[in-house]
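Asker: Structure file data.pdb (PDB, N, CA and C atoms) right here:
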```pdb
ATOM      1  N   MET A 149      86.295 117.204  96.011
ATOM      2  CA  MET A 149      87.157 116.294  96.711
ATOM      3  C   MET A 149      86.597 114.870  96.642
ATOM      4  N   VAL A 150      85.293 114.743  96.759
ATOM      5  CA  VAL A 150      84.672 113.418  96.696
ATOM      6  C   VAL A 150      84.843 112.822  95.312
ATOM      7  N   GLU A 151      84.669 113.645  94.287
ATOM      8  CA  GLU A 151      84.827 113.159  92.914
ATOM      9  C   GLU A 151      86.258 112.698  92.647
ATOM     10  N   ARG A 152      87.232 113.406  93.213
ATOM     11  CA  ARG A 152      88.629 112.989  93.056
ATOM     12  C   ARG A 152      88.881 111.654  93.741
ATOM     13  N   SER A 153      88.226 111.453  94.881
ATOM     14  CA  SER A 153      88.386 110.181  95.590
ATOM     15  C   SER A 153      87.823 109.030  94.768
ATOM     16  N   PHE A 154      86.672 109.245  94.152
ATOM     17  CA  PHE A 154      86.101 108.206  93.299
ATOM     18  C   PHE A 154      86.967 107.957  92.074
ATOM     19  N   ALA A 155      87.601 108.989  91.555
ATOM     20  CA  ALA A 155      88.494 108.817  90.411
ATOM     21  C   ALA A 155      89.689 107.950  90.804
ATOM     22  N   LEU A 156      90.191 108.129  92.030
ATOM     23  CA  LEU A 156      91.297 107.278  92.490
ATOM     24  C   LEU A 156      90.854 105.828  92.622
ATOM     25  N   VAL A 157      89.647 105.629  93.117
ATOM     26  CA  VAL A 157      89.137 104.270  93.288
ATOM     27  C   VAL A 157      88.920 103.612  91.935
ATOM     28  N   LYS A 158      88.494 104.370  90.952
ATOM     29  CA  LYS A 158      88.250 103.801  89.623
ATOM     30  C   LYS A 158      89.529 103.300  88.974
ATOM     31  N   GLN A 159      90.663 103.849  89.401
ATOM     32  CA  GLN A 159      91.929 103.371  88.860
ATOM     33  C   GLN A 159      92.202 101.935  89.311
ATOM     34  N   TRP A 160      91.670 101.564  90.428
ATOM     35  CA  TRP A 160      91.800 100.206  90.931
ATOM     36  C   TRP A 160      90.562  99.440  90.480
ATOM     37  N   ARG A 161      90.627  98.789  89.351
ATOM     38  CA  ARG A 161      89.455  98.135  88.774
ATOM     39  C   ARG A 161      88.858  97.062  89.681
ATOM     40  N   GLY A 162      89.671  96.360  90.423
ATOM     41  CA  GLY A 162      89.150  95.341  91.325
ATOM     42  C   GLY A 162      88.266  95.925  92.407
ATOM     43  N   ILE A 163      88.570  97.145  92.803
ATOM     44  CA  ILE A 163      87.770  97.814  93.819
ATOM     45  C   ILE A 163      86.537  98.446  93.174
ATOM     46  N   ALA A 164      86.742  99.127  92.066
ATOM     47  CA  ALA A 164      85.650  99.888  91.458
ATOM     48  C   ALA A 164      84.538  98.989  90.923
ATOM     49  N   THR A 165      84.894  97.846  90.355
ATOM     50  CA  THR A 165      83.874  96.985  89.755
ATOM     51  C   THR A 165      83.583  95.752  90.589
ATOM     52  N   ARG A 166      84.339  95.609  91.658
ATOM     53  CA  ARG A 166      84.158  94.510  92.618
ATOM     54  C   ARG A 166      84.190  93.140  91.948
ATOM     55  N   TYR A 167      85.319  92.848  91.310
ATOM     56  CA  TYR A 167      85.523  91.528  90.723
ATOM     57  C   TYR A 167      85.774  90.473  91.795
ATOM     58  N   ASP A 168      86.210  90.908  92.946
ATOM     59  CA  ASP A 168      86.541  89.970  94.014
ATOM     60  C   ASP A 168      85.284  89.284  94.525
ATOM     61  N   LYS A 169      85.354  87.988  94.671
ATOM     62  CA  LYS A 169      84.196  87.214  95.114
ATOM     63  C   LYS A 169      84.033  87.217  96.630
ATOM     64  N   LEU A 170      85.144  87.257  97.349
ATOM     65  CA  LEU A 170      85.080  87.186  98.799
ATOM     66  C   LEU A 170      85.093  88.582  99.410
ATOM     67  N   ALA A 171      84.300  88.760 100.451
ATOM     68  CA  ALA A 171      84.209  90.063 101.104
ATOM     69  C   ALA A 171      85.540  90.447 101.740
ATOM     70  N   ILE A 172      86.261  89.485 102.279
ATOM     71  CA  ILE A 172      87.536  89.801 102.932
ATOM     72  C   ILE A 172      88.578  90.274 101.917
ATOM     73  N   THR A 173      88.540  89.733 100.724
ATOM     74  CA  THR A 173      89.461  90.167  99.672
ATOM     75  C   THR A 173      89.117  91.582  99.226
ATOM     76  N   TYR A 174      87.827  91.867  99.094
ATOM     77  CA  TYR A 174      87.373  93.207  98.715
ATOM     78  C   TYR A 174      87.787  94.226  99.772
ATOM     79  N   ARG A 175      87.581  93.871 101.051
ATOM     80  CA  ARG A 175      87.928  94.783 102.142
ATOM     81  C   ARG A 175      89.437  95.013 102.200
ATOM     82  N   ALA A 176      90.211  93.969 101.983
ATOM     83  CA  ALA A 176      91.670  94.113 102.000
ATOM     84  C   ALA A 176      92.133  95.056 100.892
ATOM     85  N   GLY A 177      91.530  94.954  99.726
ATOM     86  CA  GLY A 177      91.874  95.862  98.631
ATOM     87  C   GLY A 177      91.498  97.292  98.942
ATOM     88  N   ALA A 178      90.335  97.479  99.554
ATOM     89  CA  ALA A 178      89.897  98.826  99.914
ATOM     90  C   ALA A 178      90.810  99.431 100.982
ATOM     91  N   VAL A 179      91.229  98.624 101.947
ATOM     92  CA  VAL A 179      92.134  99.112 102.992
ATOM     93  C   VAL A 179      93.501  99.433 102.395
ATOM     94  N   LEU A 180      93.976  98.604 101.497
ATOM     95  CA  LEU A 180      95.259  98.860 100.841
ATOM     96  C   LEU A 180      95.204 100.161 100.052
ATOM     97  N   LEU A 181      94.135 100.372  99.312
ATOM     98  CA  LEU A 181      93.972 101.609  98.549
ATOM     99  C   LEU A 181      93.952 102.817  99.479
ATOM    100  N   ALA A 182      93.224 102.718 100.585
ATOM    101  CA  ALA A 182      93.150 103.833 101.536
ATOM    102  C   ALA A 182      94.519 104.123 102.146
ATOM    103  N   ALA A 183      95.259 103.088 102.493
ATOM    104  CA  ALA A 183      96.582 103.275 103.091
ATOM    105  C   ALA A 183      97.558 103.909 102.103
ATOM    106  N   LEU A 184      97.525 103.468 100.870
ATOM    107  CA  LEU A 184      98.419 104.047  99.862
ATOM    108  C   LEU A 184      98.057 105.496  99.560
ATOM    109  N   THR A 185      96.779 105.791  99.500
ATOM    110  CA  THR A 185      96.339 107.163  99.265
ATOM    111  C   THR A 185      96.752 108.061 100.426
ATOM    112  N   TRP A 186      96.567 107.568 101.641
ATOM    113  CA  TRP A 186      96.949 108.344 102.822
ATOM    114  C   TRP A 186      98.450 108.579 102.863
ATOM    115  N   ALA A 187      99.237 107.565 102.541
ATOM    116  CA  ALA A 187     100.693 107.700 102.533
ATOM    117  C   ALA A 187     101.127 108.691 101.467
ATOM    118  N   THR A 188     100.477 108.687 100.335
ATOM    119  CA  THR A 188     100.810 109.630  99.269
ATOM    120  C   THR A 188     100.514 111.063  99.712
ATOM    121  N   LEU A 189      99.368 111.248 100.360
ATOM    122  CA  LEU A 189      99.009 112.584 100.823
ATOM    123  C   LEU A 189      99.930 113.066 101.936
ATOM    124  N   LEU A 190     100.403 112.165 102.787
ATOM    125  CA  LEU A 190     101.341 112.527 103.833
ATOM    126  C   LEU A 190     102.691 112.958 103.258
ATOM    127  N   GLY A 191     103.070 112.358 102.142
ATOM    128  CA  GLY A 191     104.339 112.695 101.525
ATOM    129  C   GLY A 191     104.354 114.091 100.931
ATOM    130  N   ASP A 192     103.173 114.660 100.655
ATOM    131  CA  ASP A 192     103.087 115.983 100.064
ATOM    132  C   ASP A 192     103.163 117.096 101.102
ATOM    133  N   THR A 193     103.028 116.768 102.370
ATOM    134  CA  THR A 193     103.043 117.797 103.414
ATOM    135  C   THR A 193     104.489 118.162 103.762
ATOM    136  N   PRO A 194     104.707 119.418 104.115
ATOM    137  CA  PRO A 194     106.093 119.840 104.429
ATOM    138  C   PRO A 194     106.567 119.343 105.767
TER     139      PRO A 194
END
```
Could the structure of this file be written out as structure tokens, please?
Answerer:
Amino acid sequence: MVERSFALVKQWRGIATRYDKLAITYRAGAVLLAALTWATLLGDTP
């Protein structure tokens, strides 16, 4: 499960390689990724 989570993060290159210079931009991207992943997982539940 952890490896799958890292694979999802790697799809977002800005998050995986941290091209963002500002910490707030990096955090916003990480929160956006988490929210989208959570919403996707919620959509799979009956």
Asker: Give the answer as one residue: which of A:Val150, A:Arg161, A:Leu170, A:Leu156 has the shortest atom-to-atom distance to Ala182 (chain A), using only C-alpha atoms?
Answerer: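 Of A:Val150, A:Arg161, A:Leu170, A:Leu156, the one nearest Ala182 (chain A), counting only C-alpha atoms, is A:Leu156.
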Asker: Could you check how far atom C of Glu151 (chain A) sits from CA of Lys169 (chain A), in Å to one decimal?
Answerer: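 Result for atom C of Glu151 (chain A) versus CA of Lys169 (chain A): 25.7 Å, one decimal.
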Asker: In Å, rounded to a single decimal, give me how far CA of Trp160 (chain A) is from CA of Leu180 (chain A).
Answerer: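 Result for CA of Leu180 (chain A) versus CA of Trp160 (chain A): 10.6 Å, one decimal.
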